[in-house]
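The structure appears right after this line, and notes come after that.
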Amino acid sequence: MAAPWLCRDCLECGQAATAPMRCPACGSPRIRSHAELFALTIAHVDCDAFYASVEKRDDHSLRDKPLIIGGGTRGVVSTCCYIARQFGVRSAMPMFQARKLCPHATIIKPNMAKYVDVSRRIRGYMDALTPLVEPLSIDEAFLDLTGTQALHKAPAALVLARFAKAVETDIGVSISVGLSHNKFLAKLASDLDKPRGFAVIGSAETLGFLAPRPISMIYGVGKVFTETLRKDGLVTIGQLQEEPPANLMRRYGEMGARLARLSRGQDSRRISSDAAMKTISSETTFNTDIATLDALSTQLLQVTERLSERLKAKTIVGDTVTLKLKSAGFRTRTRARHLMIPTQLANVIYEAGLQLLAREVDGTAFRLIGVGVSGLEVADGTDPADLLEPAIARKAAAERAMDRVRTRFGRDAVVRGKLYKLKPVTDPAEADASPEQALDLSEHEQTQGKPR
């Protein structure tokens with residue numbers, strides 16, 4: 001039976017009983033052949049080592065060198081190139097450890113403004129393919145190309161290959177594509193053939209493909225739960241497939257139901273272009289651990305002001321404030337407080353965060369503090385709280401006056417008194433280490449710590 005094939009370099013395609021080892025048109029070995037290649041329409045697109053790729057694009061002297069995007073002595077690796085990964089460097093690794101593993105690496109501080117600009121350009125290319133684009137982060141997204149063959153006069157696989165080639169040629173960043181029949185499998189596929197990958201998981205092979213894989217490949221299954229399953233004798237996805245779903249549900253509750261579905265490759269989630277940003281956050285890592293309320297509250301105010309600037313720039317408000325603290329021993333605490341009325345004001349967010357912080361100061365030394373706002377919606381001009389509470393109204397008026405001055409003369413034109421004599425206890429390179437489009441991804445996808 002003839003199977004379709006596609007050359008990812010010259011975009012020639014055809015069908016043959018046996019896929020050619022090299023493209024008959026251009027001689028390239030980058031051939032992708034699969035029985036369902038031209039029938040599948042759900043894709044996950046992921047930029048390869050995104051931040052590092054952008055920096056190497058802009059400085060050709062870095063092309064063949066190990067590159068780490070990060071900074072400071074106490075921060076973490078934002079991302080690293082594939083050369084650095086050969087030495088054991090990984091994203092989210094402490095910088096001191098990365099320096100030990102790869103002492104000859106070039107280290108560059110993150111340039112989020114540049115990365116966001118490149119991300120927006122790539123998003124423009126995606127929007128030209130289908131209206132159903134669901135971003136997951138600054139460098140990855142799901143695409144549903146169902147029903148677009150007539151528009152593009154080509155099957156989804158060929159459209160995606162064209163897209164990958166155009167992004168690499170025009171923008172200078174390589175991407176990897178995962179193509180399948182649902183979101184779970186498409187995301188798995190995009191990690192199979194990096195970098196510059198194009199992997200396919202068809203319907204007919206789903207069970208067989210998943211069976212030998214470790215259970216940790218299922219999103220939401222972290223180290224702790226993986227160990228729990230191991231102690232219960234469950235190591236591979238195939239073992240989950242053999243278990244009756246009722247048994248898994250009885251042992252692990254709702255998570256057991258998810259394991260039963262995903263181990264069989266069943267994922268009914270739709271790709272939605274309406275997936276809204278769920279959380280905007282700002283955080284910073286200290287050069288020296290901090291334990292006192294006074295010093296921590298000063299840092300809280302600083303990250304809160306940056307967060308408020310983002311909310312105002314995006315004209316959105318949120319109704320839940322979340323405080324994040326990371327101890328010197330890398331233990332993370334998160335505490336949240338719901339607001340009666342959504343806000344974007346730094347003062348309101350800070351007061352809520354300060355109340356949460358006061359309960360956590362117990363002598364523990366912290367290395368990081370962050371604040372986030374969720375429950376987001378479009379702002380309607382001013383905080384309704386202005387009309388309800390005179391004290392808040394006065395502070396809101398003062399803050400908006402300060403905003404106008406900063407807009408005209410720069411953010412340093414007006415500095416809050418508490419921040420005026422702020423000592424340099426934080427590393428500027430590590431402030432806001434997360435992308436501008438920070439998301440709390442659904443279905444635990446953010447918790448898996450994918451390298452960028």
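Residues in the structure tokens are named by chain (A, B, ... in the order shown) and by number from 1 within that chain; ligands are numbered from 1 in the order shown.
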### Task
Per DSSP on the backbone, filter range 151-356 of chain A down to the residues in strand (DSSP E) and report them as a ChimeraX atom specification.
/A:175-180,198-200,279-290,316-327,332-343
Go ahead and save the residues from that selection, with C-alpha atoms, as a JSON list (two decimals), in the first residue's frame.
```json
[["chain", "number", "residue", "atom", "x", "y", "z"],
["A", 175, "ILE", "CA", 10.85, 25.22, 14.83],
["A", 176, "SER", "CA", 9.72, 21.66, 15.47],
["A", 177, "VAL", "CA", 6.29, 20.38, 14.48],
["A", 178, "GLY", "CA", 4.24, 17.62, 16.05],
["A", 179, "LEU", "CA", 1.30, 16.38, 13.96],
["A", 180, "SER", "CA", -1.40, 14.05, 15.25],
["A", 198, "PHE", "CA", 8.61, 17.05, 12.12],
["A", 199, "ALA", "CA", 7.14, 14.03, 13.91],
["A", 200, "VAL", "CA", 3.82, 12.28, 13.28],
["A", 279, "THR", "CA", -2.12, 34.99, 35.04],
["A", 280, "ILE", "CA", 0.32, 37.87, 34.71],
["A", 281, "SER", "CA", 3.19, 37.79, 37.16],
["A", 282, "SER", "CA", 6.47, 39.42, 38.06],
["A", 283, "GLU", "CA", 9.26, 38.00, 40.20],
["A", 284, "THR", "CA", 12.87, 38.62, 41.14],
["A", 285, "THR", "CA", 15.73, 36.58, 42.61],
["A", 286, "PHE", "CA", 17.92, 38.15, 45.30],
["A", 287, "ASN", "CA", 21.70, 38.14, 45.30],
["A", 288, "THR", "CA", 21.55, 37.67, 49.08],
["A", 289, "ASP", "CA", 18.88, 35.75, 50.98],
["A", 290, "ILE", "CA", 16.34, 37.96, 52.79],
["A", 316, "ILE", "CA", -6.71, 44.46, 32.02],
["A", 317, "VAL", "CA", -7.57, 43.95, 35.67],
["A", 318, "GLY", "CA", -7.57, 40.89, 37.92],
["A", 319, "ASP", "CA", -9.39, 39.77, 41.04],
["A", 320, "THR", "CA", -6.90, 37.36, 42.68],
["A", 321, "VAL", "CA", -3.43, 38.21, 44.01],
["A", 322, "THR", "CA", -0.91, 35.40, 44.44],
["A", 323, "LEU", "CA", 2.32, 35.72, 46.42],
["A", 324, "LYS", "CA", 5.25, 33.46, 45.57],
["A", 325, "LEU", "CA", 8.25, 32.89, 47.82],
["A", 326, "LYS", "CA", 11.20, 30.55, 47.28],
["A", 327, "SER", "CA", 13.39, 29.70, 50.25],
["A", 332, "THR", "CA", 8.36, 27.28, 47.06],
["A", 333, "ARG", "CA", 5.42, 28.78, 48.91],
["A", 334, "THR", "CA", 2.41, 30.26, 47.11],
["A", 335, "ARG", "CA", -0.43, 32.06, 48.87],
["A", 336, "ALA", "CA", -3.44, 33.73, 47.25],
["A", 337, "ARG", "CA", -6.10, 36.26, 48.18],
["A", 338, "HIS", "CA", -9.30, 37.04, 46.31],
["A", 339, "LEU", "CA", -10.21, 40.71, 45.91],
["A", 340, "MET", "CA", -13.78, 41.92, 46.11],
["A", 341, "ILE", "CA", -13.23, 44.10, 43.03],
["A", 342, "PRO", "CA", -10.77, 43.51, 40.13],
["A", 343, "THR", "CA", -7.84, 45.93, 40.01]]
```
Give one line per residue of range 102-180 of chain A that approaches range 39-58 of chain A to at most 8 Å, naming the two atoms of the closest pair and their distance in Å to one decimal, counting only C-alpha atoms; sort by chain then ascending residue number and deliver it as a Markdown table.
```
| residue | atom | partner | partner_atom | distance |
| --- | --- | --- | --- | --- |
| A:Pro110 | CA | A:Tyr51 | CA | 7.5 |
| A:Tyr115 | CA | A:Tyr51 | CA | 6.5 |
| A:Asp139 | CA | A:Cys47 | CA | 5.4 |
| A:Glu140 | CA | A:Asp46 | CA | 4.4 |
| A:Ala141 | CA | A:Val45 | CA | 5.5 |
| A:Phe142 | CA | A:His44 | CA | 4.5 |
| A:Leu143 | CA | A:Ala43 | CA | 5.1 |
| A:Asp144 | CA | A:Ile42 | CA | 4.9 |
| A:Leu145 | CA | A:Thr41 | CA | 5.0 |
| A:Thr146 | CA | A:Thr41 | CA | 5.3 |
| A:Pro155 | CA | A:Ala39 | CA | 7.4 |
| A:Ala156 | CA | A:Thr41 | CA | 5.6 |
| A:Ala157 | CA | A:Leu40 | CA | 7.5 |
| A:Gly172 | CA | A:Arg57 | CA | 6.1 |
| A:Val173 | CA | A:Ser53 | CA | 6.0 |
| A:Ser174 | CA | A:Asp48 | CA | 5.8 |
| A:Ile175 | CA | A:Cys47 | CA | 4.2 |
| A:Ser176 | CA | A:Asp46 | CA | 5.3 |
| A:Val177 | CA | A:Val45 | CA | 4.7 |
| A:Gly178 | CA | A:His44 | CA | 5.0 |
| A:Leu179 | CA | A:Ala43 | CA | 4.5 |
| A:Ser180 | CA | A:Ile42 | CA | 5.4 |
```
Using N, CA and C atoms, can you export the residues from the last selection as an mmCIF file, in the first residue's frame?
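Written output follows (selection.cif):
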```
data_model
loop_
_atom_site.group_PDB
_atom_site.id
_atom_site.type_symbol
_atom_site.label_atom_id
_atom_site.label_comp_id
_atom_site.auth_asym_id
_atom_site.auth_seq_id
_atom_site.Cartn_x
_atom_site.Cartn_y
_atom_site.Cartn_z
ATOM 1 N N PRO A 110 18.703 37.698 29.486
ATOM 2 C CA PRO A 110 17.500 37.664 28.637
ATOM 3 C C PRO A 110 17.127 39.052 28.129
ATOM 4 N N TYR A 115 12.605 39.010 22.303
ATOM 5 C CA TYR A 115 11.981 37.698 22.138
ATOM 6 C C TYR A 115 10.480 37.829 21.864
ATOM 7 N N ASP A 139 6.720 30.782 22.926
ATOM 8 C CA ASP A 139 7.394 30.074 21.835
ATOM 9 C C ASP A 139 6.714 28.785 21.391
ATOM 10 N N GLU A 140 5.457 28.564 21.765
ATOM 11 C CA GLU A 140 4.776 27.348 21.334
ATOM 12 C C GLU A 140 3.281 27.579 21.235
ATOM 13 N N ALA A 141 2.623 26.781 20.383
ATOM 14 C CA ALA A 141 1.190 26.937 20.195
ATOM 15 C C ALA A 141 0.615 25.685 19.547
ATOM 16 N N PHE A 142 -0.669 25.471 19.771
ATOM 17 C CA PHE A 142 -1.430 24.450 19.053
ATOM 18 C C PHE A 142 -2.082 25.097 17.845
ATOM 19 N N LEU A 143 -2.211 24.325 16.764
ATOM 20 C CA LEU A 143 -2.925 24.781 15.573
ATOM 21 C C LEU A 143 -3.874 23.680 15.122
ATOM 22 N N ASP A 144 -5.077 24.060 14.757
ATOM 23 C CA ASP A 144 -6.051 23.129 14.179
ATOM 24 C C ASP A 144 -6.274 23.534 12.725
ATOM 25 N N LEU A 145 -5.792 22.685 11.814
ATOM 26 C CA LEU A 145 -5.922 22.974 10.384
ATOM 27 C C LEU A 145 -7.040 22.180 9.727
ATOM 28 N N THR A 146 -7.954 21.656 10.534
ATOM 29 C CA THR A 146 -9.094 20.923 9.989
ATOM 30 C C THR A 146 -9.904 21.834 9.067
ATOM 31 N N PRO A 155 -2.623 19.594 1.888
ATOM 32 C CA PRO A 155 -2.941 19.004 3.186
ATOM 33 C C PRO A 155 -2.184 19.711 4.306
ATOM 34 N N ALA A 156 -2.628 19.490 5.533
ATOM 35 C CA ALA A 156 -2.050 20.191 6.682
ATOM 36 C C ALA A 156 -0.546 19.960 6.808
ATOM 37 N N ALA A 157 -0.091 18.743 6.541
ATOM 38 C CA ALA A 157 1.337 18.437 6.687
ATOM 39 C C ALA A 157 2.185 19.318 5.774
ATOM 40 N N GLY A 172 14.661 33.447 10.859
ATOM 41 C CA GLY A 172 15.942 32.959 11.335
ATOM 42 C C GLY A 172 15.877 32.093 12.576
ATOM 43 N N VAL A 173 14.694 31.571 12.882
ATOM 44 C CA VAL A 173 14.503 30.696 14.045
ATOM 45 C C VAL A 173 13.931 29.374 13.569
ATOM 46 N N SER A 174 14.502 28.278 14.028
ATOM 47 C CA SER A 174 13.976 26.968 13.617
ATOM 48 C C SER A 174 12.868 26.526 14.560
ATOM 49 N N ILE A 175 11.962 25.719 14.033
ATOM 50 C CA ILE A 175 10.850 25.215 14.835
ATOM 51 C C ILE A 175 10.712 23.719 14.633
ATOM 52 N N SER A 176 10.042 23.082 15.574
ATOM 53 C CA SER A 176 9.716 21.663 15.466
ATOM 54 C C SER A 176 8.208 21.517 15.475
ATOM 55 N N VAL A 177 7.722 20.583 14.652
ATOM 56 C CA VAL A 177 6.286 20.383 14.478
ATOM 57 C C VAL A 177 5.907 18.982 14.931
ATOM 58 N N GLY A 178 4.829 18.897 15.700
ATOM 59 C CA GLY A 178 4.235 17.615 16.050
ATOM 60 C C GLY A 178 2.851 17.547 15.427
ATOM 61 N N LEU A 179 2.571 16.505 14.670
ATOM 62 C CA LEU A 179 1.296 16.382 13.955
ATOM 63 C C LEU A 179 0.602 15.097 14.395
ATOM 64 N N SER A 180 -0.674 15.225 14.798
ATOM 65 C CA SER A 180 -1.404 14.046 15.248
ATOM 66 C C SER A 180 -2.909 14.294 15.153
#
```
### Task
Mind listing the helix (DSSP H, G or I) residues of range 207-341 of chain A, per DSSP on the backbone, as a PyMOL selection string?
chain A and resi 207-210+215-217+223-231+237-242+245-263+293-313
### Query
Within 10 Å of Phe38 in chain A, counting only C-alpha atoms, which residues qualify if same-chain residues fewer than 3 places away don't, as an MDAnalysis selection string?
chainID A and resid 3:6 33:35 41 149 154:158
Produce a file of the selected residues containing C-alpha atoms, as a PDB file, in the first residue's frame.
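Result written to result37.pdb:
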```
ATOM      1  CA  ALA A   3       2.222   5.826   1.754  1.00  0.00           C
ATOM      2  CA  PRO A   4       2.517   9.591   1.330  1.00  0.00           C
ATOM      3  CA  TRP A   5       5.889  11.272   1.772  1.00  0.00           C
ATOM      4  CA  LEU A   6       7.080  14.851   2.031  1.00  0.00           C
ATOM      5  CA  SER A  33       6.704   9.524   5.403  1.00  0.00           C
ATOM      6  CA  HIS A  34       3.671   8.199   7.242  1.00  0.00           C
ATOM      7  CA  ALA A  35       0.493   6.368   6.265  1.00  0.00           C
ATOM      8  CA  THR A  41      -4.729  18.129  11.129  1.00  0.00           C
ATOM      9  CA  GLN A 149      -7.097  22.086   2.702  1.00  0.00           C
ATOM     10  CA  ALA A 154      -2.586  21.422   0.258  1.00  0.00           C
ATOM     11  CA  PRO A 155      -2.941  19.004   3.186  1.00  0.00           C
ATOM     12  CA  ALA A 156      -2.050  20.191   6.682  1.00  0.00           C
ATOM     13  CA  ALA A 157       1.337  18.437   6.687  1.00  0.00           C
ATOM     14  CA  LEU A 158       2.514  20.309   3.599  1.00  0.00           C
TER      15      LEU A 158
END
```
### Query
Could you name the residues that touch Ala246 in chain A at 9 Å or less, counting only C-alpha atoms, but leaving out those on the same chain fewer than 6 positions away, as a ChimeraX atom specification?
/A:256-257,260
### Query
Hey, can you check how far CA of Gln241 in chain A sits from CA of Ser263 in chain A?
5.8 Å
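With CA of Arg306 in chain A on one side and CA of Leu136 in chain A on the other, the separation reads 22.5 Å.
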### Query
Which distance in Å separates CA of Leu293 in chain A and CA of Leu357 in chain A, to one decimal?
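Computing the Euclidean distance for CA of Leu293 in chain A and CA of Leu357 in chain A yields 7.7 Å.
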### Message
Excluding Gly238 in chain A and its own-chain neighbours fewer than 6 positions away, which residues fall within 12 Å of it when counting only C-alpha atoms? Please give them as a PyMOL selection string.
### Response
chain A and resi 206-215+259-260+262-265
### Nearest residue to Lys65 in chain A from the set A:Ile237, A:Cys81, A:Leu345, A:Cys7 (distances using only C-alpha atoms)
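Closest to Lys65 in chain A, using only C-alpha atoms: A:Cys81.
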#### Entry: Selection: 8 Å around Ser272 in chain A, only C-alpha atoms, excl. self and same-chain fewer than 4 positions, as a VMD selection string
chain A and resid 132 to 134
